[in-house]
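Participant: Let me give you the structure first, and then I'll get to my questions.
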Amino acid sequence: MEFDLGWILFGLPVVFALGWFASRLDLRQLRIENRQAPKAYFKGLNHLLNEQQDQAIDAFIEAVQKDPDTSELHFALGNLFRRRGEYERAVRVHEHLLSRADLSQADRDRAQHALALDFLKAGLLDRAEDALRKLEGTAFEEQAGLTLLSLHERARDWPQAGALARRLQQRGAGDFTLRLSHYQCEQASEALNKKSDRTAAQQYLRLAIDQAPHAARPRIELAGLLAREGDAADALDQLASLEQHAPQAIALVASELVRIGQACGQATRVRELLQRSYASTPSIDVADAIVQADVTAGVPQAQARSGYLRHMAQEPSLIAAARWLSHEGFAQQDAHALVQRSVDHAARPLARYRCAACGFEAQGYFWQCPGCQAWESFPPRRIEEL
């Protein structure tokens with residue numbers, strides 16, 4: 001049987017035509033997909049701007065499925081999952097990014113940082129710490145160091161926190177001197193509470209004073225420790241040194257100054273110090289301490305309590321009014337109890353301290369805000385005086 005060359009001449013154009021038609025179909029499909037991916041992306045962006053996170057996530061998932069090599073879409077999707085609290089899905093997205101061999105080093109570091117934030121938000125602190133340590137030597141090293149520092153603080157691992165804070169300071173990440181003094185104070189508190197080791201506690205506090213002379217907390221806590229040991233004179237010297245190093249903190253210890261001054265026979269010195277502090281910065285706590293000092297010194301109560309009137313003349317104060325109304329001379333008036341109770345109720349919220357960083361309010365003073373964990377974010381003045 002002879003082979004007919006005519007079939008070849010006829011078949012070649014047919015094969016060429018079929019190949020051309022198939023290539024046109026592929027190009028058309030590619031164009032459709034390329035149009036759909038940006039469309040899905042912009043659709044997700046529009047939902048995101050309208051705070052429609054559910055719809056935005058659906059649109060971004062659609063875009064990622066159409067173009068799985070787009071790292072930016074993965075980052076956007078992972079961040080959305082984290083913001084919604086879907087930490088497991090966020091972790092999967094960022095781990096998928098890290099598994100890609102074609103990912104640039106910059107995007108790999110970025111994905112590692114995002115993964116650490118996922119673990120942190122999910123409360124997986126051990127895994128977050130491991131992920132953060134892998135960022136050493138990257139562009140995210142400083143951010144990772146600061147996050148690690150907050151983890152050490154949450155775990156109350158003060159030696160580790162101190163070592164890391166010193167390294168960050170050496171690298172120029174900021175001045176951590178004040179924070180380091182708080183770490184020493186925390187270690188002093190642990191030495192007292194867990195081991196009753198007053199010698200070690202004093203060493204920590206004196207080291208904190210040497211390292212941060214203008215920090216108020218170590219002087220105040222050392223004074224309290226000395227006063228409990230019966231060394232009232234040295235305790236008074238520590239509190240009196242606040243006038244030079246941290247004058248704004250005198251309001252926090254004004255009543256304690258009066259008590260310690262009485263204990264060591266230096267009431268006059270204390271009253272003069274309080275008068276200088278009040279003249280510099282009028283404060284209801286200092287005014288109250290001056291009244292206490294006068295009453296203790298034998299000044300008639302009516303005369304001593306006129307200090308509240310002098311304070312109200314300078315700064316209208318419900319707190320001062322409530323304390324002035326508590327004078328015994330008003331006890332015989334029928335309306336006194338009702339007026340006193342009303343004024344006390346109105347003044348109570350104004351007697352709190354408020355965090356300048358997050359607005360957390362508390363009746364007592366905190367060196368570290370329970371709300372945002374910031375150090376010394378509470379001004380040493382009542383809300384009424386801000």
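Starting from 1 in every chain, residues are counted up; chains themselves are A, B, ... following the order of the structure tokens, and ligands are numbered from 1 as listed.
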Excluding same-chain residues fewer than 4 positions from Gln266 in chain A, what lies within 12 Å of it counting only C-alpha atoms, as a list in words?

Facilitator: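 The residues that qualify are Ala232, Ala233, Asp234, Ala235, Leu236, Asp237, Ala240, Leu257, Val258, Arg259, Ile260, Gly261, Gln262, Val270, Arg271, Glu272, Leu273, Ala293 and Ala297 of chain A.
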
Participant: Would you write out those residues with N, CA and C atoms, as a short mmCIF file (atom, residue, chain, number, x, y, z; two decimals), in the first residue's frame?

Facilitator:
```cif
data_model
loop_
_atom_site.label_atom_id
_atom_site.label_comp_id
_atom_site.auth_asym_id
_atom_site.auth_seq_id
_atom_site.Cartn_x
_atom_site.Cartn_y
_atom_site.Cartn_z
N ALA A 232 13.74 55.92 110.59
CA ALA A 232 12.90 57.00 110.09
C ALA A 232 13.71 58.16 109.53
N ALA A 233 14.86 58.45 110.14
CA ALA A 233 15.67 59.59 109.69
C ALA A 233 16.18 59.37 108.27
N ASP A 234 16.70 58.16 108.01
CA ASP A 234 17.19 57.86 106.66
C ASP A 234 16.04 57.82 105.67
N ALA A 235 14.89 57.29 106.12
CA ALA A 235 13.70 57.26 105.25
C ALA A 235 13.28 58.67 104.87
N LEU A 236 13.33 59.58 105.85
CA LEU A 236 12.96 60.97 105.56
C LEU A 236 13.94 61.59 104.58
N ASP A 237 15.23 61.28 104.71
CA ASP A 237 16.22 61.82 103.78
C ASP A 237 15.92 61.36 102.35
N ALA A 240 12.88 63.30 101.16
CA ALA A 240 13.22 64.72 100.98
C ALA A 240 14.04 64.94 99.72
N LEU A 257 5.28 61.65 104.37
CA LEU A 257 6.28 62.59 104.87
C LEU A 257 5.91 63.10 106.26
N VAL A 258 4.64 63.44 106.43
CA VAL A 258 4.19 63.95 107.74
C VAL A 258 4.37 62.87 108.81
N ARG A 259 3.98 61.65 108.50
CA ARG A 259 4.08 60.57 109.47
C ARG A 259 5.54 60.29 109.85
N ILE A 260 6.42 60.21 108.85
CA ILE A 260 7.83 59.92 109.12
C ILE A 260 8.49 61.10 109.82
N GLY A 261 8.10 62.33 109.45
CA GLY A 261 8.65 63.50 110.11
C GLY A 261 8.32 63.52 111.59
N GLN A 262 7.10 63.13 111.92
CA GLN A 262 6.72 63.04 113.33
C GLN A 262 7.52 61.96 114.04
N VAL A 270 9.66 68.90 107.60
CA VAL A 270 8.70 68.35 106.65
C VAL A 270 7.69 69.40 106.23
N ARG A 271 7.20 70.20 107.19
CA ARG A 271 6.21 71.20 106.83
C ARG A 271 6.80 72.24 105.88
N GLU A 272 8.04 72.63 106.11
CA GLU A 272 8.70 73.59 105.21
C GLU A 272 8.85 73.00 103.81
N LEU A 273 9.19 71.72 103.76
CA LEU A 273 9.33 71.07 102.45
C LEU A 273 7.99 71.04 101.73
N ALA A 293 -0.23 68.07 109.11
CA ALA A 293 0.94 68.49 109.89
C ALA A 293 0.56 69.53 110.93
N ALA A 297 0.63 69.18 114.98
CA ALA A 297 1.47 70.11 115.74
C ALA A 297 0.68 70.86 116.81
#
```

Participant: Which neighbours of range 199-209 of chain A fall inside 10 Å, counting only C-alpha atoms, when residues of the same chain fewer than 6 positions from it are skipped, and could you give them as a list of chain:residue names?

Facilitator: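 Once the adjacent positions are removed, what remains is A:Thr177, A:Leu178, A:Arg179, A:Leu180, A:Ser181, A:His182, A:Tyr183, A:Gln184, A:Cys185, A:Glu186, A:Gln187, A:Ala188, A:Ser189, A:Glu190, A:Ala191, A:Leu192, A:Asn193, A:Ala215, A:Ala216, A:Arg217, A:Pro218, A:Arg219, A:Ile220, A:Glu221, A:Leu222, A:Ala223, A:Leu225, A:Leu226.
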
Participant: Emit the selected residues as an mmCIF file, in the first residue's frame, including N, CA and C atoms.

Facilitator:
```
data_model
loop_
_atom_site.group_PDB
_atom_site.id
_atom_site.type_symbol
_atom_site.label_atom_id
_atom_site.label_comp_id
_atom_site.auth_asym_id
_atom_site.auth_seq_id
_atom_site.Cartn_x
_atom_site.Cartn_y
_atom_site.Cartn_z
ATOM 1 N N THR A 177 16.614 53.777 80.631
ATOM 2 C CA THR A 177 17.108 53.954 81.994
ATOM 3 C C THR A 177 15.985 53.902 83.017
ATOM 4 N N LEU A 178 14.908 54.620 82.756
ATOM 5 C CA LEU A 178 13.785 54.648 83.700
ATOM 6 C C LEU A 178 13.140 53.270 83.818
ATOM 7 N N ARG A 179 12.993 52.597 82.689
ATOM 8 C CA ARG A 179 12.384 51.264 82.729
ATOM 9 C C ARG A 179 13.267 50.282 83.500
ATOM 10 N N LEU A 180 14.570 50.405 83.343
ATOM 11 C CA LEU A 180 15.489 49.528 84.079
ATOM 12 C C LEU A 180 15.364 49.746 85.583
ATOM 13 N N SER A 181 15.125 50.997 85.990
ATOM 14 C CA SER A 181 14.950 51.258 87.422
ATOM 15 C C SER A 181 13.686 50.570 87.949
ATOM 16 N N HIS A 182 12.651 50.506 87.124
ATOM 17 C CA HIS A 182 11.432 49.793 87.536
ATOM 18 C C HIS A 182 11.704 48.297 87.668
ATOM 19 N N TYR A 183 12.534 47.761 86.773
ATOM 20 C CA TYR A 183 12.864 46.337 86.874
ATOM 21 C C TYR A 183 13.581 46.044 88.192
ATOM 22 N N GLN A 184 14.482 46.948 88.591
ATOM 23 C CA GLN A 184 15.185 46.768 89.872
ATOM 24 C C GLN A 184 14.187 46.825 91.035
ATOM 25 N N CYS A 185 13.220 47.731 90.948
ATOM 26 C CA CYS A 185 12.208 47.831 92.008
ATOM 27 C C CYS A 185 11.353 46.570 92.072
ATOM 28 N N GLU A 186 11.017 46.018 90.912
ATOM 29 C CA GLU A 186 10.234 44.784 90.896
ATOM 30 C C GLU A 186 11.027 43.631 91.515
ATOM 31 N N GLN A 187 12.316 43.578 91.230
ATOM 32 C CA GLN A 187 13.145 42.530 91.828
ATOM 33 C C GLN A 187 13.262 42.723 93.338
ATOM 34 N N ALA A 188 13.304 43.984 93.777
ATOM 35 C CA ALA A 188 13.328 44.262 95.212
ATOM 36 C C ALA A 188 12.035 43.773 95.870
ATOM 37 N N SER A 189 10.898 44.012 95.205
ATOM 38 C CA SER A 189 9.616 43.550 95.751
ATOM 39 C C SER A 189 9.572 42.034 95.841
ATOM 40 N N GLU A 190 10.112 41.361 94.831
ATOM 41 C CA GLU A 190 10.131 39.898 94.861
ATOM 42 C C GLU A 190 11.043 39.382 95.973
ATOM 43 N N ALA A 191 12.175 40.066 96.178
ATOM 44 C CA ALA A 191 13.082 39.652 97.259
ATOM 45 C C ALA A 191 12.401 39.763 98.612
ATOM 46 N N LEU A 192 11.558 40.791 98.767
ATOM 47 C CA LEU A 192 10.846 40.967 100.038
ATOM 48 C C LEU A 192 9.697 39.976 100.186
ATOM 49 N N ASN A 193 8.929 39.800 99.120
ATOM 50 C CA ASN A 193 7.717 38.983 99.212
ATOM 51 C C ASN A 193 8.000 37.489 99.242
ATOM 52 N N ALA A 215 14.632 59.001 89.006
ATOM 53 C CA ALA A 215 13.457 58.129 89.136
ATOM 54 C C ALA A 215 12.899 58.247 90.548
ATOM 55 N N ALA A 216 11.597 58.398 90.660
ATOM 56 C CA ALA A 216 10.961 58.590 91.970
ATOM 57 C C ALA A 216 10.722 57.273 92.693
ATOM 58 N N ARG A 217 10.356 56.245 91.954
ATOM 59 C CA ARG A 217 9.910 55.004 92.597
ATOM 60 C C ARG A 217 10.958 54.363 93.513
ATOM 61 N N PRO A 218 12.231 54.202 93.089
ATOM 62 C CA PRO A 218 13.177 53.543 94.000
ATOM 63 C C PRO A 218 13.392 54.309 95.296
ATOM 64 N N ARG A 219 13.372 55.632 95.255
ATOM 65 C CA ARG A 219 13.535 56.421 96.488
ATOM 66 C C ARG A 219 12.327 56.230 97.405
ATOM 67 N N ILE A 220 11.135 56.221 96.819
ATOM 68 C CA ILE A 220 9.926 56.061 97.622
ATOM 69 C C ILE A 220 9.881 54.672 98.262
ATOM 70 N N GLU A 221 10.208 53.649 97.479
ATOM 71 C CA GLU A 221 10.145 52.287 98.021
ATOM 72 C C GLU A 221 11.273 52.028 99.018
ATOM 73 N N LEU A 222 12.447 52.623 98.791
ATOM 74 C CA LEU A 222 13.528 52.479 99.766
ATOM 75 C C LEU A 222 13.158 53.176 101.077
ATOM 76 N N ALA A 223 12.514 54.337 100.983
ATOM 77 C CA ALA A 223 12.070 55.036 102.189
ATOM 78 C C ALA A 223 11.065 54.195 102.967
ATOM 79 N N LEU A 225 10.838 50.948 102.984
ATOM 80 C CA LEU A 225 11.556 49.822 103.583
ATOM 81 C C LEU A 225 12.330 50.262 104.817
ATOM 82 N N LEU A 226 12.993 51.419 104.728
ATOM 83 C CA LEU A 226 13.758 51.930 105.871
ATOM 84 C C LEU A 226 12.832 52.282 107.032
#
```

Participant: Considering only C-alpha atoms, return as an NGL selection string whatever protein or nucleic-acid residues lie within 8 Å of Ile319 in chain A, sequence-local ones (same chain, fewer than 4 positions apart) excluded.

Facilitator: :A and (284 or 323 or 344 or 347-348 or 350-351)

Participant: Quick check, in Å to one decimal: how far apart do CA of Trp158 in chain A and CA of Cys358 in chain A lie?

Facilitator: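 Computing it gives 23.8 Å between the two atoms.
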
Participant: Name the residues of range 270-386 of chain A that come out as strand (DSSP E or B) in a backbone DSSP run; write them as a list of chain:residue names.

Facilitator: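 Listing strand (DSSP E or B) positions across range 270-386 of chain A yields A:Tyr353, A:Arg354, A:Glu361, A:Ala362, A:Gln368, A:Trp375.
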
Participant: Can you write out the residues you just picked, keeping N, CA and C atoms, as an mmCIF file, in the first residue's frame?

Facilitator:
```cif
data_model
loop_
_atom_site.group_PDB
_atom_site.id
_atom_site.type_symbol
_atom_site.label_atom_id
_atom_site.label_comp_id
_atom_site.auth_asym_id
_atom_site.auth_seq_id
_atom_site.Cartn_x
_atom_site.Cartn_y
_atom_site.Cartn_z
ATOM 1 N N TYR A 353 -6.678 58.677 89.668
ATOM 2 C CA TYR A 353 -5.565 58.954 88.769
ATOM 3 C C TYR A 353 -5.923 58.383 87.397
ATOM 4 N N ARG A 354 -5.449 59.058 86.345
ATOM 5 C CA ARG A 354 -5.781 58.612 84.992
ATOM 6 C C ARG A 354 -4.516 58.435 84.163
ATOM 7 N N GLU A 361 -8.405 54.554 84.578
ATOM 8 C CA GLU A 361 -8.541 55.312 85.821
ATOM 9 C C GLU A 361 -8.467 54.367 87.019
ATOM 10 N N ALA A 362 -7.872 54.854 88.100
ATOM 11 C CA ALA A 362 -7.718 54.025 89.298
ATOM 12 C C ALA A 362 -7.722 54.914 90.530
ATOM 13 N N GLN A 368 3.072 51.141 86.782
ATOM 14 C CA GLN A 368 2.829 50.565 85.460
ATOM 15 C C GLN A 368 1.335 50.434 85.263
ATOM 16 N N TRP A 375 4.873 52.345 81.472
ATOM 17 C CA TRP A 375 5.514 52.691 82.737
ATOM 18 C C TRP A 375 5.378 54.185 83.000
#
```

Participant: If we count only C-alpha atoms, what is near range 125-135 of chain A at a cut-off of 6 Å, once residues fewer than 3 positions away on the same chain are taken out, given as a VMD selection string?

Facilitator: chain A and resid 116 119 to 120 138 141 144

Participant: Grab the residues selected above and save them as a compact mmCIF listing (two decimals), in the first residue's frame with C-alpha atoms.

Facilitator:
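Done, and the output landed in selection-v2.txt:
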```
# COMPACT_ATOMS: atom_id res chain seq x y z
CA ALA A 116 5.12 36.28 65.35
CA PHE A 119 1.16 33.87 67.78
CA LEU A 120 1.28 36.87 70.12
CA THR A 138 16.65 41.74 59.95
CA GLU A 141 14.97 43.41 64.69
CA ALA A 144 10.92 42.30 67.54
```

Participant: Please report, as a ChimeraX atom specification, each residue of range 151-259 of chain A to which DSSP assigns helix (DSSP H, G or I) when run on this structure's backbone.

Facilitator: /A:151-154,158-170,177-195,198-211,217-228,232-240,242-245,247-259
